[in-house]
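One structure below.
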Amino acid sequence: MVQVNNLFKTYKKGFAPALSGVNLTIQKGDFFGLLGPNGAGKTTLISIICGLSPANIGTAYMNETDILRYPEKIKKYYGLVPQDIALYPSLTAEENLRFFGRMYGIPGNTIKSEVDFWLPKMGLSNHRHKKINEYSTGMKRRVNLIAGILHKPSIIILDEPTVGVDVQSRVLILETLKEINSKGTTVIYTSHYLEEAEDLCNRIAIIDKGRIIKEGEPAQLIAQENPCSNLEDLFIKLTGKELRD
Amino acid sequence: MRVFFAIYKELLILIRDKAGLAILFLMPLTMIIIMALIQDGPFRDYQQAEIKVIFLDQDGDECGKAISQGLNQAGIFKITQAEYSKYDLNNIREEVNKGTYKVGVVVPPGTSLMLQTHISRDISRAFGELTNGPSEDIKDSLHAAIQVIYDPALQASFKKSVQLALDKILDGYQASQSIKVISQHLSQYFPNGNQFNIDTRRFIQLDQKTAVPELQGLSLNSVQHNVPAWTIFGIFFIVLPLAGSIIKEREDGSTLRLRTIPGTSLVVMIGKVLAYLLITLAQFVLMMLAGIFLMPHLGLPALEIGGNLSALLLAVVSIGLAATGLGVLLGTVFKTHQQSSTFAAVSIVILAAIGGIWIPVFVMPEILRKMSVISPLGWSMETFNNLFLRGAGVEEILPEISALTGFFGAMLIMAYFYNKFKVRS
């Protein structure tokens, strides 16, 4: 479970806060969508939840461990799949996964069995010895996902995991995430693909200008806000049509 | 154990970067070869100088011969005898001015006779046989006798060498002539026509040694300077790929992923430092092998590395650590690879210049000699000079290796606090 209370975060004095009083609870087993326009505060909130950035005010807990006081302790609970392809381009997929597996402290034979399981599952069995810089974007995203879940965390945090990939890769990634979630793993996910989020998430939060402006089940939230017929309508109604760069 | 995998990952990445490997190994090797060959001449000029001298003996007597013989025996002059019938003082001046010869020496006619007359009169007067002293014109002509013409481009140190050699020859010749005349006078006091001979051998000899007896005969030459110098330069050039690798990991998101793995950032950084340290050791071994085995094939002397291998290993590790420390700091502070590589390349070239990599510190102007103490490349050079030329051991190189490891520590501490500050802000 992840719980944040009254989180405030300011990067520079005199500038608008990146987060101002964020409260959020993500239950175990949730497929939680964190949605918001560019610069809304999604990445800052995820950084704080991951223990990578301190908050100015507030509290945050992951599986009842104080994130702000013990940022190193909570790292064993989650796996992060960043938006960037966080892999070594000159290493093969297998070499990357072996390295990150070793860094997680996974024994060699366990890594081997996990790699042997995941690479074929993600359609990469014939490319395991190919360097990452020779992969297509879709292939890179699939390896990026494996690297974040290799150590079987109880919480997976994904930052736009399907950006820039073809339909086939997107479907495979989302089906994999659904499958993992169905086995009890909590998934926290950010995306600009609202249709995708509506389909996947049992709960969402819309964040804008550092505040959570709506939180709940997607269908319920859409129904509450007339005349919205889908999540995109709701999102535009709540955040406006003003461009965010 | 995780450190081992971090080192393995780093080495894999490095081995696959062919351009990076070329910079790390071929660049310093090429520099060693080129610079050792280029600087061989100037180094020989200082140590095995052979100054071309054109010598015109218009005297044709003992003094001219003594000067010619003395210059030949000095061992630093290559003497060409000018034909008396074809050359005069003006011709000699022209030859020197053309640069064909560095020095022209002309012994004018009658020099021997004037000297002998002067000595005979002086000594005869001393023995009470003659009351009148030598005339003033003899004195003047003797003082102005030997003409020495220098090439305007000749270094001051070489002029000094010529002057000292001629002074020594003339003093020696005048002394031997004086003794000869004194002996003749003294012989008159011995009955039965016995000759009185004064032993003119030199009783006080010079006993020259280097401070380290084992290194007798070894001196700073082009190879002894350039091989360690450009090895150090090559070692410090790992700053570029190391800083670049840190920046690249940050840019492509690997650093972010590693930060989410408990206790991994430090492990990966240690792995990175150790991997690059191994590369510096490999660089060092390659350069030393080139110095020992390749240089003689290029007509240069072989590199002498001294006998203290444990001190040498300690020195190389310290130098490697200093270089990796600088790489870690630059990789932490700079945002882009371009920024870090430009800064690193320029700063290493400057630190190399003031640290005595290009030319030895002792031939630099005083202001640069003072500045050389701030350069870690200068400390590294001093360490190798101590080991290779002065036969130093661990104890003697402790100040330098302490400075180098202290520099490494300071760089890491600065990188740590900068990173901490950056995360907080």
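To be explicit about the labels: the chains of the structure tokens are called A, B, and onward in the order shown, and within each one the residues are counted from 1, while ligands get numbers from 1 in the order they are shown.
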Using only C-alpha atoms, select each residue of chain A with any atom at most 6 Å away from an atom of chain B, and give the selection as a PDB file with C-alpha atoms, in the first residue's frame.
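Heads up, here's the output in iface_13.pdb:
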```pdb
ATOM      1  CA  TYR A  11      12.160  23.122  -6.266  1.00  0.00           C
ATOM      2  CA  GLU A  72      16.578   3.143   1.099  1.00  0.00           C
ATOM      3  CA  LYS A  75      13.337   0.401  -2.510  1.00  0.00           C
ATOM      4  CA  ASP A  84      13.524   6.585 -20.651  1.00  0.00           C
ATOM      5  CA  ALA A  86      17.099   2.830 -18.811  1.00  0.00           C
ATOM      6  CA  LEU A  87      19.356   0.169 -20.302  1.00  0.00           C
TER       7      LEU A  87
END
```
request  = Please give the complete set of residues from stretch 281-311 of chain B that DSSP, run on the backbone, assigns to alpha helix (DSSP H), formatted as a list in words.
outcome  = Leu281, Ala282, Gln283, Phe284, Val285, Leu286, Met287, Met288, Leu289, Leu309, Ser310 and Ala311 of chain B
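Neighbouring residues of A:Asp30 at 12 Å or closer, counting only C-alpha atoms and skipping chain neighbours under 6 positions away, are Met1, Val2, Ser154, Ile155, Ile156, Ile157, Leu177, Lys178, Ile180, Asn181, Ser182, Lys183, Gly184, Thr185, Thr186, Val187, Ile188, Tyr189, Leu200, Cys201, Asn202, Arg203, Ile204, Gly216 and Glu217 of chain A.
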Residue selection dump (C-alpha atoms) as a PDB file, in the first residue's frame:
```pdb
ATOM      1  CA  MET A   1       0.000   0.000   0.000  1.00  0.00           C
ATOM      2  CA  VAL A   2       1.141   3.562  -0.757  1.00  0.00           C
ATOM      3  CA  SER A 154       5.092  -6.091  -4.796  1.00  0.00           C
ATOM      4  CA  ILE A 155       4.599  -2.658  -6.401  1.00  0.00           C
ATOM      5  CA  ILE A 156       5.438  -1.736  -9.989  1.00  0.00           C
ATOM      6  CA  ILE A 157       5.691   1.940 -10.892  1.00  0.00           C
ATOM      7  CA  LEU A 177       0.857  -5.688 -16.847  1.00  0.00           C
ATOM      8  CA  LYS A 178      -2.726  -6.917 -16.484  1.00  0.00           C
ATOM      9  CA  ILE A 180       1.009  -9.284 -13.249  1.00  0.00           C
ATOM     10  CA  ASN A 181      -1.676  -7.165 -11.551  1.00  0.00           C
ATOM     11  CA  SER A 182      -4.094 -10.076 -11.556  1.00  0.00           C
ATOM     12  CA  LYS A 183      -1.618 -12.013  -9.401  1.00  0.00           C
ATOM     13  CA  GLY A 184      -1.788  -9.333  -6.687  1.00  0.00           C
ATOM     14  CA  THR A 185       0.975  -6.939  -7.663  1.00  0.00           C
ATOM     15  CA  THR A 186       0.100  -3.267  -7.256  1.00  0.00           C
ATOM     16  CA  VAL A 187       0.644  -1.246 -10.445  1.00  0.00           C
ATOM     17  CA  ILE A 188       1.061   2.526 -10.396  1.00  0.00           C
ATOM     18  CA  TYR A 189       1.090   3.908 -13.870  1.00  0.00           C
ATOM     19  CA  LEU A 200      -6.587  -0.810 -17.475  1.00  0.00           C
ATOM     20  CA  CYS A 201      -7.033   1.060 -14.200  1.00  0.00           C
ATOM     21  CA  ASN A 202      -9.445   0.202 -11.427  1.00  0.00           C
ATOM     22  CA  ARG A 203      -8.613   3.563  -9.850  1.00  0.00           C
ATOM     23  CA  ILE A 204      -7.211   6.823 -11.162  1.00  0.00           C
ATOM     24  CA  GLY A 216     -11.637   7.324  -7.761  1.00  0.00           C
ATOM     25  CA  GLU A 217     -12.864   4.596 -10.107  1.00  0.00           C
TER      26      GLU A 217
END
```
request  = Find the residues near B:Lys78: any atom within 6 Å, counting only C-alpha atoms, skip ones fewer than 4 places away on the same chain, and give them as a count of residues only.
outcome  = 4
request  = Would you mind listing what lies within 12 Å of A:Thr65 as JSON, numbers by chain, with only C-alpha atoms counted and same-chain residues fewer than 2 positions away left out?
outcome  = {"A": [1, 2, 3, 4, 49, 50, 51, 59, 60, 61, 62, 63, 67, 68, 69, 70, 71, 72, 73, 74, 75, 76, 77]}
request  = Write out as a ChimeraX atom specification the residues lying within 10 Å of A:Glu198, counting only C-alpha atoms and excluding same-chain residues fewer than 6 positions away.
outcome  = /A:33,204,217-219,222,230-232
File of the preceding selection, C-alpha atoms, as an mmCIF file, in the first residue's frame:
```cif
data_model
loop_
_atom_site.group_PDB
_atom_site.id
_atom_site.type_symbol
_atom_site.label_atom_id
_atom_site.label_comp_id
_atom_site.auth_asym_id
_atom_site.auth_seq_id
_atom_site.Cartn_x
_atom_site.Cartn_y
_atom_site.Cartn_z
ATOM 1 C CA GLY A 33 -3.480 5.481 -13.020
ATOM 2 C CA ILE A 204 -7.211 6.823 -11.162
ATOM 3 C CA GLU A 217 -12.864 4.596 -10.107
ATOM 4 C CA PRO A 218 -12.797 5.776 -13.754
ATOM 5 C CA ALA A 219 -16.423 4.793 -14.563
ATOM 6 C CA ILE A 222 -16.968 9.825 -15.671
ATOM 7 C CA ASN A 230 -15.137 8.894 -21.408
ATOM 8 C CA LEU A 231 -11.962 9.636 -19.489
ATOM 9 C CA GLU A 232 -10.688 12.064 -22.105
#
```
key: Neighbour list for A:Lys112 as a PyMOL selection string, cut-off 12 Å, only C-alpha atoms, skip fewer than 3 positions in-chain   = chain A and resi 94-95+97-99+101-102+106-109+115-119+150
Please produce a file of those selected residues containing all heavy atoms, as a CSV table (one decimal), in the first residue's frame.
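Resulting contents of selection_37.csv:
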```
chain,number,residue,atom,x,y,z
A,94,GLU,N,20.2,-9.7,-22.7
A,94,GLU,CA,20.5,-10.7,-21.7
A,94,GLU,C,21.5,-10.1,-20.7
A,94,GLU,O,21.4,-10.2,-19.5
A,94,GLU,CB,21.0,-12.0,-22.3
A,94,GLU,CG,21.1,-13.1,-21.3
A,94,GLU,CD,21.4,-14.4,-21.9
A,94,GLU,OE1,21.1,-14.6,-23.1
A,94,GLU,OE2,22.0,-15.3,-21.1
A,95,GLU,N,22.5,-9.4,-21.3
A,95,GLU,CA,23.6,-8.9,-20.4
A,95,GLU,C,23.0,-7.8,-19.5
A,95,GLU,O,23.3,-7.7,-18.3
A,95,GLU,CB,24.7,-8.3,-21.3
A,95,GLU,CG,25.6,-9.3,-21.9
A,95,GLU,CD,26.5,-8.8,-23.0
A,95,GLU,OE1,26.3,-7.7,-23.5
A,95,GLU,OE2,27.4,-9.6,-23.5
A,97,LEU,N,19.8,-7.6,-18.5
A,97,LEU,CA,19.0,-8.2,-17.4
A,97,LEU,C,19.8,-8.9,-16.4
A,97,LEU,O,19.5,-8.8,-15.2
A,97,LEU,CB,18.0,-9.1,-18.1
A,97,LEU,CG,17.0,-8.4,-19.0
A,97,LEU,CD1,16.1,-9.5,-19.7
A,97,LEU,CD2,16.1,-7.4,-18.3
A,98,ARG,N,20.9,-9.5,-16.8
A,98,ARG,CA,21.8,-10.2,-15.8
A,98,ARG,C,22.4,-9.2,-14.9
A,98,ARG,O,22.5,-9.4,-13.7
A,98,ARG,CB,22.9,-10.9,-16.6
A,98,ARG,CG,22.5,-12.3,-17.1
A,98,ARG,CD,23.6,-12.9,-17.8
A,98,ARG,NE,23.2,-14.2,-18.4
A,98,ARG,CZ,23.2,-15.3,-17.7
A,98,ARG,NH1,23.6,-15.3,-16.4
A,98,ARG,NH2,22.8,-16.4,-18.3
A,99,PHE,N,22.8,-8.0,-15.5
A,99,PHE,CA,23.5,-7.0,-14.6
A,99,PHE,C,22.5,-6.4,-13.6
A,99,PHE,O,22.8,-6.4,-12.4
A,99,PHE,CB,24.0,-5.9,-15.5
A,99,PHE,CG,24.5,-4.7,-14.7
A,99,PHE,CD1,25.6,-4.7,-13.9
A,99,PHE,CD2,23.7,-3.5,-14.7
A,99,PHE,CE1,25.9,-3.7,-13.1
A,99,PHE,CE2,24.1,-2.4,-14.0
A,99,PHE,CZ,25.2,-2.5,-13.2
A,101,GLY,N,19.7,-7.7,-12.6
A,101,GLY,CA,19.4,-8.8,-11.7
A,101,GLY,C,20.4,-9.0,-10.6
A,101,GLY,O,20.1,-9.1,-9.4
A,102,ARG,N,21.7,-8.9,-11.0
A,102,ARG,CA,22.8,-9.1,-10.0
A,102,ARG,C,22.7,-7.9,-9.0
A,102,ARG,O,23.0,-8.0,-7.8
A,102,ARG,CB,24.1,-9.1,-10.7
A,102,ARG,CG,24.4,-10.4,-11.4
A,102,ARG,CD,24.6,-11.5,-10.3
A,102,ARG,NE,25.0,-12.8,-10.9
A,102,ARG,CZ,25.3,-13.8,-10.2
A,102,ARG,NH1,25.2,-13.8,-8.9
A,102,ARG,NH2,25.7,-14.9,-10.8
A,106,ILE,N,19.8,-10.9,-6.9
A,106,ILE,CA,19.2,-12.1,-7.3
A,106,ILE,C,20.3,-13.1,-7.7
A,106,ILE,O,21.2,-12.8,-8.4
A,106,ILE,CB,18.3,-12.0,-8.5
A,106,ILE,CG1,17.2,-10.8,-8.3
A,106,ILE,CG2,17.5,-13.2,-8.9
A,106,ILE,CD1,16.4,-10.4,-9.5
A,107,PRO,N,20.2,-14.4,-7.2
A,107,PRO,CA,21.2,-15.4,-7.5
A,107,PRO,C,21.3,-15.7,-9.0
A,107,PRO,O,20.3,-15.5,-9.7
A,107,PRO,CB,20.8,-16.6,-6.7
A,107,PRO,CG,19.8,-16.1,-5.7
A,107,PRO,CD,19.2,-14.9,-6.2
A,108,GLY,N,22.4,-16.1,-9.4
A,108,GLY,CA,22.7,-16.3,-10.9
A,108,GLY,C,21.7,-17.3,-11.5
A,108,GLY,O,21.2,-17.0,-12.6
A,109,ASN,N,21.4,-18.4,-10.9
A,109,ASN,CA,20.5,-19.4,-11.5
A,109,ASN,C,19.1,-18.9,-11.5
A,109,ASN,O,18.3,-19.1,-12.5
A,109,ASN,CB,20.6,-20.7,-10.8
A,109,ASN,CG,20.5,-20.6,-9.3
A,109,ASN,OD1,20.3,-19.5,-8.8
A,109,ASN,ND2,20.5,-21.8,-8.6
A,115,VAL,N,15.2,-14.8,-16.8
A,115,VAL,CA,15.5,-14.3,-18.2
A,115,VAL,C,14.9,-15.2,-19.2
A,115,VAL,O,14.3,-14.8,-20.2
A,115,VAL,CB,17.0,-14.0,-18.3
A,115,VAL,CG1,17.4,-13.7,-19.8
A,115,VAL,CG2,17.5,-12.9,-17.5
A,116,ASP,N,15.1,-16.5,-19.0
A,116,ASP,CA,14.6,-17.5,-19.9
A,116,ASP,C,13.1,-17.5,-20.0
A,116,ASP,O,12.5,-17.9,-21.0
A,116,ASP,CB,15.1,-18.9,-19.5
A,116,ASP,CG,16.6,-19.1,-19.7
A,116,ASP,OD1,17.1,-18.3,-20.5
A,116,ASP,OD2,17.2,-20.1,-19.2
A,117,PHE,N,12.4,-17.1,-18.9
A,117,PHE,CA,11.0,-17.0,-18.9
A,117,PHE,C,10.5,-15.7,-19.6
A,117,PHE,O,9.6,-15.7,-20.5
A,117,PHE,CB,10.5,-17.0,-17.4
A,117,PHE,CG,9.0,-16.7,-17.3
A,117,PHE,CD1,8.0,-17.6,-17.6
A,117,PHE,CD2,8.6,-15.4,-16.9
A,117,PHE,CE1,6.7,-17.3,-17.5
A,117,PHE,CE2,7.2,-15.1,-16.8
A,117,PHE,CZ,6.3,-16.1,-17.1
A,118,TRP,N,11.1,-14.6,-19.2
A,118,TRP,CA,10.6,-13.3,-19.7
A,118,TRP,C,10.9,-13.0,-21.2
A,118,TRP,O,10.1,-12.4,-21.9
A,118,TRP,CB,11.1,-12.2,-18.8
A,118,TRP,CG,10.3,-12.1,-17.5
A,118,TRP,CD1,10.7,-12.4,-16.3
A,118,TRP,CD2,8.9,-11.6,-17.4
A,118,TRP,NE1,9.7,-12.2,-15.4
A,118,TRP,CE2,8.6,-11.7,-16.0
A,118,TRP,CE3,7.9,-11.2,-18.3
A,118,TRP,CZ2,7.3,-11.4,-15.5
A,118,TRP,CZ3,6.7,-10.9,-17.8
A,118,TRP,CH2,6.4,-11.0,-16.5
A,119,LEU,N,12.1,-13.3,-21.6
A,119,LEU,CA,12.5,-12.9,-23.0
A,119,LEU,C,11.6,-13.6,-24.0
A,119,LEU,O,11.0,-12.9,-24.9
A,119,LEU,CB,14.0,-13.2,-23.3
A,119,LEU,CG,15.0,-12.2,-22.6
A,119,LEU,CD1,16.4,-12.6,-22.9
A,119,LEU,CD2,14.7,-10.8,-23.1
A,150,LEU,N,12.0,-7.8,-12.9
A,150,LEU,CA,12.8,-9.1,-12.8
A,150,LEU,C,12.9,-9.6,-11.3
A,150,LEU,O,12.9,-10.8,-11.1
A,150,LEU,CB,14.2,-8.8,-13.3
A,150,LEU,CG,15.1,-9.9,-13.7
A,150,LEU,CD1,14.5,-10.7,-14.9
A,150,LEU,CD2,16.4,-9.4,-14.1
```
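For the atom pair formed by atom CA of A:Gly39 and atom CA of A:Leu80, the distance is 20.0 Å, given to one decimal.
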